[in-house]
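Chemist: My structure is below; once you've seen it, I'll send some questions.
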Amino acid sequence: MNAERDLAPLAPSVVRALNDKLYEKRKVAALEIEKLVREFVAQNNTSQIKHVILILSQEFALSQHPHSRKGGLIGLAACSIALGKDSGLYLKELIEPVLTCFNDADSRLRYYACEALYNIVKVARGSVLPHFNVLFDGLSKLAADPDPNVKSGSELLDRLLKDIVTESNQFDLVGFIPLLRERIYSNNQYARQFIISWILVLESVPDINLLDYLPEILDGLFQILGDNSKEIRKMCEVALGEFLKEIKKNPSSVKFAEMANILVIHCQAADDLIQLTAMCWMREFIQLAGRVMLPYSSGILTAVLPCLSYDDRKKNIKEVANVCNQSLMKLVIPEDDEVDEAKQSVTLSEEPNLEEPVSKPEAASSGSLDASGDSNVSNASVCTVTSSERIQVTLNLDGIVQVLDCHLHDTSIGMMTRIAVLKWLYHLYIKTPRKMFRHTDSLFPILLRTLSDESDEVILKDLEVLAEIASSPAGQTEGYGPSEAAEPRPSQVELHVPIRNSQLSSSAVGAHQQCGEPGCCRSPLPGWELPLGPKGLECSPSTPTMNSYFYKFMINLLKRFSSERKLLETRGAFIIRQLCLLLNAENIFHSMADILLREEDLKFASTMVHTLNTILLTSSELFQLRNQLKDLRTPESRNLFCCLYRSWCHNPVTTVSLCFLTQNYKHAYDLIQKFGDLEVTVDFLTEVDKLVQLIECPIFTYLRLQLLDVKNNPYLIKALYGLLMLLPQSSAFQLLSHRLQCVPNPELMQSADGSRVSTSSRRPASSTIDYTELLQHFDKVQSKHLEVRHQRAGRAEQPERRVVL
């Protein structure tokens, strides 16, 4: 009796029916409750209405007895139906106990709770929106319920709630986003499906601008895109596609900067669909946002560059990545090279430490790199695109160079990626040379190592970068302040060419004095050596200056050839020919000749001279330089001849061929006369053989025609006979012998104007060259070669003697 009085105004029969295990009896009791509540509504008796709801909640819905809980749920639904439009006043009291039953262990009870909430929401309609978050939270749990009946019931409730949200203009999106951001990371397939369906609904409502909050949920969407269920992946694709359409329509309201790092992360995903979708978004972002994306360039390149080497299995990703790369490159403009004096010291102090070569590519590829170096993907401080103001962005050049340098060091990356990296470096040196030259000392070693790459295309691009470094006006170190010129690293020491006093003999210095030409045959001063850093003198003492890095490049290139003979054999001619197209050919030959003059490894010097001579005589790229040397009409050409000659002395046959090229036939004859004093080896005879073959080539057509003028070219004929006498009975001997047999009889060639001297044989200007001194220099160089060969032979014989003993 006491219990019945406590549960008033509910009648005892109603109480008993609500506790009954049979659904029909509970349903009858619910009808009685509905009737009772309607009476209270008619009387406007709110206190009794609240008391009934409280009894149904506390004594039934939250009871320990399962049948009582079922009775409480149907009773609360009956109250809501009775209240009608006034149910909005009691929604908190009606909803909370029902949502509590969503967590019940009994699946039937969870189903009844779902049914009760459906009836409550159906009656209240828009009034439930203030409670949307708790409803959504409960529904998201039921969406993953293992019981199919419960799941079916939750879907009905879900559709009802979506209809209410769609037709209402009072939805609190700001309050809902934190819950959506939390739930979107669920790993349950059904929960993910539920989340995506709601995002699609909210996106379709005109009055709800979900695009403003896209940075909050974009990462979660990409995670769902990798779900194992094809249906969920398809739904997520549709949702992302709708967002991208909206972004294209309203780019001015999009927070590009806040989403840049999210895309960078997912552009590196292992899942092909995620990577392709993220890459497509990145492409649109770069094209729509423009320079707003520049602060994130390092992260974007980290994600994009490896994709450029994908094979046909990932062709779509590769194509989109290529567009991203090209579009991003176009955003770098010459204005980015303007240094803000106010920020210059800060920029320099924040410059990354590049003292050690980057050996871990993952340092630049783990995650994202944003403008500030922070991995936080929500960076609201970065300005967004607006149509009314000009966006000021700063190019994070240090980060970009670090990523490019890291990729060049990574030997596992594909050819197309290496080419793209080199294109980026070339582009940056063209657009932002002043800032780029701060990084040149750290980039220089890896650029030189890249010359050993297996791909010709990579080498070509690498040479373009090195040529730009060597020729850019920004490379003049005089323009750098103390804080801007980076100190070289210990591992970057250039090739030192020590100079011995014996090499700087009085004849070497006297050559310039006796040549009579300004700068001709100039030798370095005693004690002169190549400086280490960019602050010192780094131009050739006798080469027209390009910039401070040109001579350094030539030194290091020869050092590379010296340490990698295979590179010299297989790619040496190719590299030098390409450099002659990219840079001034005369400067290249002049500087290399200067360096080789002081090379201590005489065998390498001889090999290198032979390579350079072959290029000089056979390459179409050097046609103009050959013509310049052929006539020796200008002081510059004579200066170049003297410089080349002194280095060419490392190889006797190349020295003769240089004399043939420059039409110094008497000197060629004098040199051949000295060949009798040299050690004639198989290699020596092979080179003579090759020279004979060269004489028969189109390059020496003028020389062969001069054989007709026997009277004015006696030393040419003598020199050729000298070569003939050097050769053994071989095919080359026969070839040259037949050629000399064609030389006409001087008497038959006499004519009326026979007294006229050929202009080609009289070159007064060449008389300024001291050929006697050059011949003496040749003798000294060859003596040194002989001494080194004997020392080498002696070292080789000693172990053999020990074996015999």
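Lettering and numbering for the structure tokens are positional, with chains as A, B, ... in the shown order, residues counted from 1 in each chain, and ligands counted from 1 in the shown order.
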If you count only C-alpha atoms, which residues fall within 12 Å of Ser619 (chain A), apart from same-chain ones fewer than 5 positions away, as a list of chain:residue names?

Modeler: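 Once the nearby chain positions are removed, what remains is A:Ala573, A:Phe574, A:Ile576, A:Arg577, A:Gln578, A:Cys580, A:Leu581, A:Ala585, A:Thr611, A:Leu612, A:Asn613, A:Thr614, A:Gln624, A:Leu625, A:Arg626, A:Pro698, A:Ile699.
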
Chemist: Take the residues from that selection and write them out as a PDB file, in the first residue's frame, keeping C-alpha atoms.

Modeler:
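Contents of the output file part_16.pdb:
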ATOM      1  CA  ALA A 573      83.727  13.343 -72.647  1.00  0.00           C
ATOM      2  CA  PHE A 574      79.941  13.561 -72.320  1.00  0.00           C
ATOM      3  CA  ILE A 576      82.770  18.129 -70.636  1.00  0.00           C
ATOM      4  CA  ARG A 577      80.943  18.482 -73.963  1.00  0.00           C
ATOM      5  CA  GLN A 578      77.726  19.377 -72.200  1.00  0.00           C
ATOM      6  CA  CYS A 580      80.957  23.500 -73.165  1.00  0.00           C
ATOM      7  CA  LEU A 581      77.376  24.044 -74.334  1.00  0.00           C
ATOM      8  CA  ALA A 585      84.164  26.542 -73.723  1.00  0.00           C
ATOM      9  CA  THR A 611      90.524  13.258 -73.124  1.00  0.00           C
ATOM     10  CA  LEU A 612      90.386  17.050 -73.430  1.00  0.00           C
ATOM     11  CA  ASN A 613      92.360  16.963 -76.669  1.00  0.00           C
ATOM     12  CA  THR A 614      90.025  14.378 -78.202  1.00  0.00           C
ATOM     13  CA  GLN A 624      84.206  27.935 -82.846  1.00  0.00           C
ATOM     14  CA  LEU A 625      87.006  27.296 -80.362  1.00  0.00           C
ATOM     15  CA  ARG A 626      88.901  25.218 -82.941  1.00  0.00           C
ATOM     16  CA  PRO A 698      87.216  16.331 -91.870  1.00  0.00           C
ATOM     17  CA  ILE A 699      88.612  18.427 -89.009  1.00  0.00           C
TER      18      ILE A 699
END

Chemist: Fewer than 4 positions away in the same chain doesn't count, so skip those; otherwise give me all residues within 10 Å of Arg291 (chain A), counting only C-alpha atoms, as a PyMOL selection string.

Modeler: chain A and resi 286-287+295-297+328+330-333+385+391-395

Chemist: What is the distance, in Å and to one decimal place, between CA of Leu62 (chain A) and CA of Pro97 (chain A)?

Modeler: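 Rounded to one decimal, the two atoms are 6.7 Å apart.
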
Chemist: For the atom pair CA of Cys659 (chain A) and CA of Val710 (chain A), what is the interatomic distance in Å to one decimal place?

Modeler: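 One can read the CA of Cys659 (chain A) to CA of Val710 (chain A) distance as 18.2 Å.
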
Chemist: Please identify the helix (DSSP H, G or I) residues within region 606-802 of chain A (assignment by DSSP from backbone atoms) and present them as a PyMOL selection string.

Modeler: chain A and resi 606-618+620-631+635-648+652-661+665-677+682-695+698-706+714-726+731-741+759-761+764-768+771-802

Chemist: One number please: CA of Glu182 (chain A) to CA of Ser140 (chain A), in Å, one decimal.

Modeler: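 So the two atoms, CA of Glu182 (chain A) and CA of Ser140 (chain A), lie 11.4 Å apart.
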
Chemist: From the list A:Ile74, A:Leu36, A:Cys649, A:Leu273, which residue is nearest Leu774 (chain A) when using only C-alpha atoms?

Modeler: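 Selected residue with least distance to Leu774 (chain A): A:Cys649.
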
Chemist: When you count only C-alpha atoms, which of these residues is closest to Asn149 (chain A): A:Lys25, A:Arg108, A:Lys162, A:His427?

Modeler: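 With only C-alpha atoms as the atom set, the closest residue is A:Arg108.
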
Chemist: Can you pull out the residues contacting His650 (chain A)? Cut-off 9 Å, using only C-alpha atoms, and skip same-chain residues under 6 positions away; I want them as a count of residues only.

Modeler: 13

Chemist: Would you pick out the contacts of Leu129 (chain A) at 10 Å or less, using only C-alpha atoms, so that residues sharing its chain but fewer than 5 positions from it are not included, and give the list as a PDB file with C-alpha atoms, in the first residue's frame?

Modeler:
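Wrote it out as result_25.pdb, contents follow:
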ATOM      1  CA  VAL A 121      11.497  12.561 -31.138  1.00  0.00           C
ATOM      2  CA  ALA A 124       8.872  16.827 -30.383  1.00  0.00           C
ATOM      3  CA  VAL A 134      23.324  13.519 -26.705  1.00  0.00           C
ATOM      4  CA  LEU A 135      20.964  11.967 -29.244  1.00  0.00           C
ATOM      5  CA  LEU A 161      16.497  12.806 -36.849  1.00  0.00           C
ATOM      6  CA  ILE A 164      14.320  17.061 -38.579  1.00  0.00           C
ATOM      7  CA  VAL A 165      17.809  18.529 -39.052  1.00  0.00           C
ATOM      8  CA  SER A 168      15.217  23.066 -39.499  1.00  0.00           C
ATOM      9  CA  GLN A 170      18.205  26.108 -35.851  1.00  0.00           C
ATOM     10  CA  PHE A 171      20.827  23.392 -35.922  1.00  0.00           C
ATOM     11  CA  ASP A 172      23.805  24.197 -33.653  1.00  0.00           C
TER      12      ASP A 172
END

Chemist: Ser47 (chain A): which residues within 12 Å, counting only C-alpha atoms, same-chain residues fewer than 5 positions away excluded, as a list in words?

Modeler: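 That gives Pro9, Val37, Phe40, Val41, Val52, Ile53, Leu54 and Tyr90 of chain A.
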
Chemist: Go ahead and write the selection's residues with C-alpha atoms as a tab-separated table (two decimals), in the first residue's frame.

Modeler:
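And here is the file that came out, result-v9.tsv:
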chain	number	residue	atom	x	y	z
A	9	PRO	CA	-1.12	9.51	-9.39
A	37	VAL	CA	-1.26	12.89	-18.82
A	40	PHE	CA	-3.09	16.97	-16.64
A	41	VAL	CA	-2.24	18.89	-19.85
A	52	VAL	CA	4.53	11.20	-13.51
A	53	ILE	CA	7.66	11.52	-15.70
A	54	LEU	CA	9.85	11.34	-12.60
A	90	TYR	CA	10.01	18.10	-20.65

Chemist: Under the rule that only C-alpha atoms are counted, which of A:Ser63, A:Gln628, A:Gln663, A:Thr570 is the nearest residue to Gln706 (chain A)?

Modeler: A:Gln663
